[in-house]
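Undergrad: This one is structure.csv, CSV, C-alpha atoms.
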chain,number,residue,atom,x,y,z
A,1102,MET,CA,68.7,-15.2,21.4
A,1103,LYS,CA,70.4,-17.1,18.7
A,1104,LYS,CA,73.4,-15.0,17.5
A,1105,LYS,CA,74.3,-14.4,13.9
A,1106,LYS,CA,77.5,-16.1,12.9
A,1107,VAL,CA,79.7,-13.5,11.1
A,1108,ILE,CA,83.1,-13.3,9.5
A,1109,PHE,CA,84.4,-9.8,8.8
A,1110,ASP,CA,86.6,-9.5,5.7
A,1111,CYS,CA,88.2,-6.1,5.8
A,1112,ASP,CA,91.1,-3.8,4.9
A,1113,ASN,CA,91.5,-2.1,8.3
A,1114,THR,CA,94.0,0.8,8.4
A,1115,MET,CA,92.8,2.5,11.6
A,1116,GLY,CA,95.8,4.2,13.3
A,1117,ILE,CA,97.7,5.0,10.1
A,1118,PRO,CA,97.8,8.8,9.5
A,1119,GLY,CA,95.9,9.8,6.4
A,1120,ARG,CA,94.1,6.4,6.1
A,1121,ASP,CA,90.4,5.5,6.7
A,1122,VAL,CA,89.2,4.4,10.1
A,1123,ASP,CA,85.8,2.9,9.4
A,1124,ASP,CA,87.0,-0.8,9.2
A,1125,GLY,CA,88.4,-0.5,12.7
A,1126,LEU,CA,85.2,1.1,14.0
A,1127,THR,CA,83.2,-1.6,12.4
A,1128,LEU,CA,85.3,-4.4,14.0
A,1129,ILE,CA,84.7,-2.9,17.4
A,1130,TYR,CA,81.0,-2.5,16.6
A,1131,LEU,CA,80.8,-6.2,15.6
A,1132,LEU,CA,82.6,-7.3,18.8
A,1133,GLY,CA,80.1,-5.2,20.8
A,1134,SER,CA,77.0,-6.3,19.0
A,1135,GLU,CA,75.0,-8.6,21.4
A,1136,ASP,CA,73.3,-10.5,18.5
A,1137,ILE,CA,76.5,-11.2,16.6
A,1138,GLU,CA,79.0,-14.0,17.1
A,1139,LEU,CA,82.2,-12.9,15.3
A,1140,LEU,CA,83.9,-16.1,14.2
A,1141,GLY,CA,86.9,-14.3,12.8
A,1142,VAL,CA,88.5,-11.6,10.8
A,1143,THR,CA,90.0,-12.1,7.4
A,1144,LEU,CA,92.3,-9.3,6.1
A,1145,THR,CA,92.6,-8.0,2.6
A,1146,HIS,CA,94.1,-5.0,0.8
A,1147,GLY,CA,92.4,-1.8,-0.3
A,1148,ASN,CA,92.9,1.1,2.1
A,1149,GLY,CA,96.5,-0.2,2.4
A,1150,THR,CA,98.7,-3.1,1.6
A,1151,LEU,CA,98.1,-6.4,3.3
A,1152,GLU,CA,101.1,-5.8,5.5
A,1153,GLU,CA,99.8,-2.4,6.6
A,1154,VAL,CA,96.3,-3.9,7.3
A,1155,LEU,CA,97.8,-6.7,9.4
A,1156,GLU,CA,99.9,-4.2,11.4
A,1157,SER,CA,97.0,-1.9,12.0
A,1158,THR,CA,94.7,-4.8,13.1
A,1159,GLU,CA,97.3,-6.3,15.4
A,1160,LYS,CA,97.8,-2.9,17.0
A,1161,LEU,CA,94.0,-2.5,17.6
A,1162,ILE,CA,93.7,-5.9,19.1
A,1163,ARG,CA,96.7,-5.3,21.4
A,1164,GLU,CA,95.7,-1.8,22.6
A,1165,LEU,CA,92.1,-2.9,23.3
A,1166,ASP,CA,93.2,-6.2,24.9
A,1167,ILE,CA,90.9,-8.3,22.7
A,1168,LYS,CA,91.4,-12.0,23.4
A,1169,GLY,CA,90.6,-15.0,21.4
A,1170,LEU,CA,89.9,-13.3,18.0
A,1171,ASN,CA,90.8,-15.4,15.0
A,1172,VAL,CA,92.7,-13.3,12.4
A,1173,PHE,CA,93.8,-14.5,9.0
A,1174,CYS,CA,95.6,-12.9,6.0
A,1175,GLY,CA,95.4,-13.5,2.3
A,1176,GLU,CA,95.3,-17.1,1.2
A,1177,GLU,CA,94.8,-18.2,4.8
A,1178,GLY,CA,91.8,-15.9,5.0
A,1179,GLY,CA,90.3,-17.4,1.9
A,1180,ARG,CA,90.7,-20.9,3.2
A,1181,PHE,CA,89.2,-19.9,6.6
A,1182,LEU,CA,86.2,-18.4,4.8
A,1183,ALA,CA,85.6,-21.6,2.8
A,1184,GLU,CA,86.0,-23.9,5.7
A,1185,GLU,CA,83.7,-22.0,8.0
A,1186,ALA,CA,81.1,-21.7,5.3
A,1187,GLU,CA,81.1,-25.5,4.9
A,1188,LYS,CA,81.1,-25.9,8.7
A,1189,TYR,CA,78.2,-23.5,9.3
A,1190,LYS,CA,76.3,-24.2,6.0
A,1191,ASP,CA,73.4,-21.9,5.5
A,1192,GLU,CA,74.2,-20.0,8.7
A,1193,LEU,CA,77.4,-18.0,8.0
A,1194,ILE,CA,77.2,-14.4,7.1
A,1195,VAL,CA,80.2,-12.7,5.5
A,1196,LEU,CA,80.6,-8.9,5.8
A,1197,ALA,CA,83.2,-7.8,3.2
A,1198,THR,CA,84.4,-4.2,3.2
A,1199,GLY,CA,87.7,-4.2,1.2
A,1200,ALA,CA,89.0,-5.9,-1.9
A,1201,MET,CA,86.9,-9.0,-2.8
A,1202,THR,CA,90.2,-11.1,-3.1
A,1203,ASN,CA,89.6,-13.4,-0.1
A,1204,LEU,CA,86.1,-14.2,-1.2
A,1205,TYR,CA,87.3,-15.2,-4.6
A,1206,THR,CA,90.1,-17.3,-3.0
A,1207,ALA,CA,87.4,-19.0,-0.9
A,1208,TYR,CA,85.5,-19.8,-4.0
A,1209,LYS,CA,88.6,-21.2,-5.7
A,1210,TYR,CA,89.3,-23.4,-2.7
A,1211,ASP,CA,85.7,-24.6,-2.6
A,1212,ASN,CA,83.3,-23.8,-5.5
A,1213,LYS,CA,80.4,-24.3,-3.2
A,1214,PHE,CA,81.5,-21.4,-1.0
A,1215,TYR,CA,78.8,-19.0,-2.1
A,1216,LYS,CA,76.0,-21.6,-2.0
A,1217,ASN,CA,77.1,-22.5,1.6
A,1218,LEU,CA,76.6,-18.9,2.8
A,1219,ASN,CA,73.5,-17.6,4.5
A,1220,GLU,CA,74.1,-14.0,3.3
A,1221,LEU,CA,76.8,-11.8,1.9
A,1222,TYR,CA,77.0,-8.1,2.9
A,1223,LEU,CA,79.3,-5.9,0.8
A,1224,MET,CA,80.3,-2.3,1.1
A,1225,GLY,CA,81.5,-0.9,-2.2
A,1226,GLY,CA,80.6,0.1,-5.7
A,1227,ILE,CA,79.1,3.2,-7.2
A,1228,VAL,CA,76.2,3.7,-9.7
A,1229,GLU,CA,77.3,7.1,-10.8
A,1230,PRO,CA,80.2,9.4,-10.0
A,1231,LEU,CA,80.5,9.8,-6.2
A,1232,LEU,CA,80.8,13.3,-4.9
A,1233,ILE,CA,81.3,14.8,-1.4
A,1234,ASN,CA,80.9,18.5,-1.3
A,1235,GLY,CA,81.4,18.6,-5.0
A,1236,LYS,CA,84.7,16.7,-5.0
A,1237,LYS,CA,85.0,13.3,-6.6
A,1238,VAL,CA,85.7,10.2,-4.4
A,1239,GLU,CA,87.4,7.2,-6.0
A,1240,GLU,CA,85.9,3.8,-5.3
A,1241,LEU,CA,88.4,1.6,-3.4
A,1242,ASN,CA,86.8,-1.8,-2.8
A,1243,PHE,CA,85.5,-3.4,-5.9
A,1244,SER,CA,87.9,-1.5,-8.2
A,1245,VAL,CA,91.1,-2.7,-6.5
A,1246,ASP,CA,90.5,-6.3,-7.6
A,1247,PRO,CA,87.8,-6.2,-10.3
A,1248,GLU,CA,88.2,-9.8,-11.3
A,1249,ALA,CA,87.4,-10.9,-7.7
A,1250,ALA,CA,84.5,-8.4,-7.5
A,1251,PHE,CA,83.1,-9.8,-10.8
A,1252,ASN,CA,83.3,-13.4,-9.4
A,1253,VAL,CA,81.5,-12.3,-6.2
A,1254,LEU,CA,78.8,-10.3,-7.9
A,1255,SER,CA,78.2,-13.0,-10.5
A,1256,SER,CA,77.7,-15.7,-7.8
A,1257,ASP,CA,74.5,-17.2,-6.5
A,1258,ALA,CA,75.0,-15.8,-3.0
A,1259,LYS,CA,72.2,-13.7,-1.4
A,1260,ILE,CA,73.9,-10.3,-1.7
A,1261,SER,CA,73.2,-6.9,0.0
A,1262,ILE,CA,75.3,-4.0,-1.3
A,1263,LEU,CA,75.8,-0.8,0.7
A,1264,ASN,CA,77.2,1.3,-2.2
A,1265,GLY,CA,79.3,4.4,-1.8
A,1266,HIS,CA,76.3,6.7,-2.3
A,1267,THR,CA,74.3,5.3,0.5
A,1268,ALA,CA,77.3,4.6,2.8
A,1269,SER,CA,78.4,8.2,2.4
A,1270,LYS,CA,75.3,9.3,4.3
A,1271,ALA,CA,76.6,7.5,7.4
A,1272,ILE,CA,78.2,10.6,8.9
A,1273,PHE,CA,80.1,10.5,12.2
A,1274,GLY,CA,80.4,14.1,13.1
A,1275,LYS,CA,81.5,16.6,15.7
A,1276,LYS,CA,78.7,15.8,18.2
A,1277,ASP,CA,79.6,12.1,17.9
A,1278,ILE,CA,83.3,12.9,18.7
A,1279,LYS,CA,82.1,15.0,21.7
A,1280,LYS,CA,80.0,12.1,22.8
A,1281,LEU,CA,83.1,9.9,22.7
A,1282,SER,CA,85.1,12.4,24.8
A,1283,ASN,CA,82.3,12.4,27.5
A,1284,GLN,CA,82.5,8.6,27.9
A,1285,ASN,CA,84.9,6.8,30.3
A,1286,GLY,CA,86.9,3.8,29.3
A,1287,ARG,CA,90.0,2.7,27.3
A,1288,ILE,CA,87.9,2.1,24.2
A,1289,TYR,CA,86.8,5.7,24.0
A,1290,ARG,CA,90.3,7.1,24.5
A,1291,PHE,CA,91.5,4.8,21.8
A,1292,LEU,CA,88.8,5.9,19.4
A,1293,GLU,CA,89.3,9.6,20.1
A,1294,SER,CA,93.1,9.3,19.3
A,1295,SER,CA,92.5,7.1,16.3
A,1296,ILE,CA,89.8,9.2,14.7
A,1297,PHE,CA,91.3,12.7,15.3
A,1298,HIS,CA,93.7,12.7,12.3
A,1299,TRP,CA,91.0,11.4,10.0
A,1300,MET,CA,88.6,14.2,11.0
A,1301,GLU,CA,91.4,16.7,10.1
A,1302,ASN,CA,91.9,14.9,6.8
A,1303,MET,CA,88.3,15.1,5.9
A,1304,LYS,CA,88.0,18.8,6.9
A,1305,ALA,CA,91.0,19.7,4.7
A,1306,LYS,CA,90.0,17.5,1.8
A,1307,PHE,CA,86.2,17.9,1.6
A,1308,GLY,CA,85.4,20.7,4.0
A,1309,ILE,CA,83.2,18.5,6.3
A,1310,ASP,CA,83.2,18.3,10.1
A,1311,GLY,CA,83.2,14.6,10.3
A,1312,PHE,CA,83.7,11.5,8.1
A,1313,CYS,CA,81.8,8.9,6.2
A,1314,ASN,CA,81.5,5.7,8.3
A,1315,TRP,CA,81.3,3.7,5.1
A,1316,ASP,CA,81.8,0.2,6.3
A,1317,MET,CA,79.7,0.7,9.4
A,1318,ALA,CA,76.6,1.1,7.2
A,1319,ALA,CA,76.9,-2.5,5.9
A,1320,ALA,CA,77.5,-3.8,9.4
A,1321,VAL,CA,74.5,-2.0,10.9
A,1322,PHE,CA,72.3,-3.2,8.0
A,1323,ILE,CA,72.9,-6.8,9.0
A,1324,SER,CA,70.8,-6.4,12.2
A,1325,HIS,CA,68.9,-3.2,11.7
A,1326,LYS,CA,67.4,-3.2,8.3
A,1327,GLU,CA,64.5,-1.0,9.7
A,1328,LEU,CA,66.9,1.9,9.6
A,1329,PHE,CA,67.4,1.8,5.9
A,1330,GLU,CA,65.3,2.6,2.8
A,1331,LYS,CA,65.3,-0.9,1.4
A,1332,ASN,CA,65.6,-1.4,-2.3
A,1333,ILE,CA,65.9,-4.2,-4.8
A,1334,ALA,CA,68.2,-3.5,-7.7
A,1335,ARG,CA,69.4,-5.3,-10.8
A,1336,ILE,CA,73.0,-5.1,-12.0
A,1337,ASN,CA,75.0,-6.5,-14.9
A,1338,PRO,CA,78.5,-7.2,-13.5
A,1339,ASP,CA,81.2,-6.2,-15.9
A,1340,ILE,CA,84.9,-6.5,-15.2
A,1341,GLU,CA,85.9,-3.4,-17.2
A,1342,LYS,CA,83.3,-1.2,-15.4
A,1343,LEU,CA,84.3,-2.7,-12.0
A,1344,ARG,CA,87.8,-1.2,-12.6
A,1345,THR,CA,86.2,2.1,-11.5
A,1346,GLY,CA,83.8,0.4,-9.1
A,1347,ASP,CA,80.8,0.9,-11.4
A,1348,LEU,CA,78.1,-1.7,-10.6
A,1349,ASN,CA,76.5,-1.3,-14.0
A,1350,LEU,CA,73.0,-0.7,-12.7
A,1351,ASP,CA,70.4,-2.0,-15.2
A,1352,ASP,CA,66.7,-2.5,-14.8
A,1353,SER,CA,67.0,-5.6,-17.0
A,1354,GLY,CA,70.2,-6.7,-15.4
A,1355,SER,CA,71.1,-10.4,-14.9
A,1356,ARG,CA,71.7,-10.1,-11.2
A,1357,GLU,CA,69.3,-9.1,-8.5
A,1358,VAL,CA,70.7,-7.6,-5.2
A,1359,ILE,CA,69.5,-5.8,-2.2
A,1360,MET,CA,70.8,-2.2,-2.4
A,1361,PRO,CA,69.5,0.2,0.3
A,1362,LEU,CA,68.9,3.7,-1.0
A,1363,GLY,CA,69.5,5.6,2.2
A,1364,ILE,CA,69.6,5.8,6.0
A,1365,LYS,CA,66.3,6.9,7.6
A,1366,SER,CA,67.8,8.3,10.8
A,1367,ILE,CA,71.5,9.0,11.2
A,1368,GLU,CA,70.8,9.8,14.9
A,1369,LYS,CA,69.4,6.3,15.5
A,1370,PHE,CA,72.1,4.8,13.4
A,1371,ASN,CA,74.8,6.4,15.5
A,1372,PHE,CA,72.9,5.6,18.7
A,1373,ILE,CA,73.1,1.9,17.9
A,1374,ILE,CA,76.8,2.2,17.2
A,1375,PHE,CA,77.4,3.7,20.6
A,1376,GLU,CA,75.3,1.0,22.3
A,1377,ALA,CA,77.7,-1.5,20.8
A,1378,PHE,CA,80.8,0.4,21.9
A,1379,GLU,CA,79.5,0.4,25.4
A,1380,PHE,CA,78.8,-3.3,25.3
A,1381,PHE,CA,82.3,-3.8,24.0
A,1382,ARG,CA,83.7,-1.7,27.0
A,1383,LYS,CA,81.8,-3.8,29.5
A,1384,ARG,CA,83.0,-7.0,27.8
A,1385,TYR,CA,86.7,-6.2,27.4
A,1386,GLU,CA,87.4,-3.7,30.1
A,1387,LYS,CA,87.2,-5.8,33.3
Could you render the structure from this file as structure tokens?
TA:
Amino acid sequence: MKKKKVIFDCDNTMGIPGRDVDDGLTLIYLLGSEDIELLGVTLTHGNGTLEEVLESTEKLIRELDIKGLNVFCGEEGGRFLAEEAEKYKDELIVLATGAMTNLYTAYKYDNKFYKNLNELYLMGGIVEPLLINGKKVEELNFSVDPEAAFNVLSSDAKISILNGHTASKAIFGKKDIKKLSNQNGRIYRFLESSIFHWMENMKAKFGIDGFCNWDMAAAVFISHKELFEKNIARINPDIEKLRTGDLNLDDSGSREVIMPLGIKSIEKFNFIIFEAFEFFRKRYEK
């Protein structure tokens, strides 16, 4: 089986109280996906500052004893993206789940960056106000660097967007936490302790028993498109609208993107995630 070559561009804050955990979960999923070769991780801001994201990622790597993973920050991340895209022309997939800053930097380093990519998968954006249990959720990916987001969305890359509305349906709930607690291995204890505070946060803020596994939706879509209600959409990227994460959906828009409408089976979705977690355990816990 030929593995997909992937770079994960993210704003991981897993382990920081009161901050989202989905980037960290997604990183572990990618490392545990048998059909993915993770070439490296490039860190950006969004859920936290670049310094916080680096600290959280280094802690995750250290506690799970992950060896040989390339990790780059800021400008270095942009250069790594551009160089790997040139090296693996028409093969490289980029999954971006934070601010689009590193992608814009890669383009400025090499204006053939987007053309060199095989595909670009993004988590972010909204097409209308995003509500969870009637409470508004602010978009924190495209909006934190709208100029970079505009550059990415206006590019000629093949783009799939898992927007906030679709990704909010990727619920990791009580039964999934219980499943974690019933598994043996360092990874599962790490996940339990890392997720607990976020579950409490979501319960207090939105009244839900679980959390939205936002970034995981985009990662799973790379290899399991059959789980999603596929949709082709047209957008008109606009910097001012992107300041709130608005994708400016428009049937006559200048840009065509793949934008799934929903997840067909959350049970199957989470089953695939646990399969990857178990493969990760077997790979890294020897």
Undergrad: Given only C-alpha atoms, how would the per-residue table for range 1209-1272 of chain A near range 1318-1340 of chain A read, listing every residue at most 8 Å away with its closest atom pair and distance in Å to one decimal, sorted by chain and number, as a Markdown table?
TA:
| residue | atom | partner | partner_atom | distance |
| --- | --- | --- | --- | --- |
| A:Tyr1222 | CA | A:Ala1319 | CA | 6.4 |
| A:Leu1223 | CA | A:Ala1319 | CA | 6.6 |
| A:Met1224 | CA | A:Ala1319 | CA | 5.9 |
| A:Pro1247 | CA | A:Ile1340 | CA | 5.7 |
| A:Glu1248 | CA | A:Ile1340 | CA | 6.1 |
| A:Ala1250 | CA | A:Ile1340 | CA | 7.9 |
| A:Phe1251 | CA | A:Ile1340 | CA | 5.8 |
| A:Leu1254 | CA | A:Pro1338 | CA | 6.4 |
| A:Ser1255 | CA | A:Pro1338 | CA | 6.5 |
| A:Ile1262 | CA | A:Ala1319 | CA | 7.5 |
| A:Leu1263 | CA | A:Ala1319 | CA | 5.6 |
| A:Ala1268 | CA | A:Ala1318 | CA | 5.7 |
| A:Ala1271 | CA | A:Ala1318 | CA | 6.4 |
Undergrad: List the neighbours of Phe1312 in chain A out to 8 Å using only C-alpha atoms; skip same-chain residues closer than 2 positions along the sequence, and give me the result as a PyMOL selection string.
TA: chain A and resi 1272-1274+1299-1300+1303+1309-1310+1314
Undergrad: Go ahead and write the residues just picked, C-alpha atoms, as a compact mmCIF listing (two decimals), in the frame of the given file.
TA:
# COMPACT_ATOMS: atom_id res chain seq x y z
CA ILE A 1272 78.20 10.60 8.90
CA PHE A 1273 80.10 10.50 12.20
CA GLY A 1274 80.40 14.10 13.10
CA TRP A 1299 91.00 11.40 10.00
CA MET A 1300 88.60 14.20 11.00
CA MET A 1303 88.30 15.10 5.90
CA ILE A 1309 83.20 18.50 6.30
CA ASP A 1310 83.20 18.30 10.10
CA ASN A 1314 81.50 5.70 8.30
Undergrad: If you measure from CA of Glu1187 in chain A to CA of Gly1147 in chain A, what distance in Å do you get, rounded to one decimal?
TA: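 Atom-to-atom, CA of Glu1187 in chain A to CA of Gly1147 in chain A, that is 26.8 Å.
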Undergrad: Go through A:Leu1362, A:Cys1313, A:Ile1288, A:Ala1200 and flag the residue nearest Leu1151 in chain A, using all atoms listed in the file for the distances.
TA: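 Selected residue with least distance to Leu1151 in chain A: A:Ala1200.
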Undergrad: Expressed in Å to a single decimal, how great is the separation between CA of Leu1350 in chain A and CA of Leu1144 in chain A?
TA: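 Here the two named atoms are 28.3 Å from each other.
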Undergrad: For each of A:His1298, A:Lys1304, A:Arg1180, A:Lys1342, take the minimum atom-to-atom distance to Thr1143 in chain A, counting only C-alpha atoms, then give the residue where this is smallest.
TA: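 Counting only C-alpha atoms, the residue closest to Thr1143 in chain A is A:Arg1180.
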Undergrad: Compare A:Lys1106, A:His1146, A:Lys1306, A:Arg1356 by their minimum atom-to-atom distance to Leu1193 in chain A, counting all atoms listed in the file, and give me the closest one.
TA: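 That would be A:Lys1106, the residue with the smallest distance to Leu1193 in chain A.
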Undergrad: Please compute the CA of Asp1316 in chain A-CA of Ser1256 in chain A distance, one decimal, in Å.
TA: 21.6 Å
Undergrad: Determine, counting all atoms listed in the file, which protein, DNA and RNA residues have an atom within 10 Å of an atom of His1266 in chain A; residues of the same chain fewer than 4 positions away are not included. Present the result as a PDB file with C-alpha atoms, in the coordinates of the input.
TA:
ATOM      1  CA  GLY A1225      81.500  -0.900  -2.200  1.00  0.00           C
ATOM      2  CA  GLY A1226      80.600   0.100  -5.700  1.00  0.00           C
ATOM      3  CA  ILE A1227      79.100   3.200  -7.200  1.00  0.00           C
ATOM      4  CA  VAL A1228      76.200   3.700  -9.700  1.00  0.00           C
ATOM      5  CA  GLU A1229      77.300   7.100 -10.800  1.00  0.00           C
ATOM      6  CA  PRO A1230      80.200   9.400 -10.000  1.00  0.00           C
ATOM      7  CA  LEU A1231      80.500   9.800  -6.200  1.00  0.00           C
ATOM      8  CA  LEU A1232      80.800  13.300  -4.900  1.00  0.00           C
ATOM      9  CA  ILE A1233      81.300  14.800  -1.400  1.00  0.00           C
ATOM     10  CA  LYS A1270      75.300   9.300   4.300  1.00  0.00           C
ATOM     11  CA  ALA A1271      76.600   7.500   7.400  1.00  0.00           C
ATOM     12  CA  TRP A1315      81.300   3.700   5.100  1.00  0.00           C
ATOM     13  CA  PRO A1361      69.500   0.200   0.300  1.00  0.00           C
ATOM     14  CA  LEU A1362      68.900   3.700  -1.000  1.00  0.00           C
ATOM     15  CA  GLY A1363      69.500   5.600   2.200  1.00  0.00           C
TER      16      GLY A1363
END
Undergrad: Could you name the residues that touch Arg1287 in chain A at 8 Å or less, counting all atoms listed in the file, but leaving out those on the same chain fewer than 4 positions away, as a CSV table (one decimal) with C-alpha atoms, in the frame of the given file?
TA:
chain,number,residue,atom,x,y,z
A,1165,LEU,CA,92.1,-2.9,23.3
A,1291,PHE,CA,91.5,4.8,21.8
A,1382,ARG,CA,83.7,-1.7,27.0
A,1386,GLU,CA,87.4,-3.7,30.1
Undergrad: Give me the residues near Phe1381 in chain A as a count of residues only, where near means some atom within 8 Å (using only C-alpha atoms) and where sequence neighbours in that chain fewer than 2 positions away do not count.
TA: 12
Undergrad: Looking at only C-alpha atoms, which of A:Ser1269, A:Ser1295, A:Asn1203, A:Asn1219 is the one that sits closest to Thr1114 in chain A?
TA: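 Of A:Ser1269, A:Ser1295, A:Asn1203, A:Asn1219, the one nearest Thr1114 in chain A is A:Ser1295, counting only C-alpha atoms.
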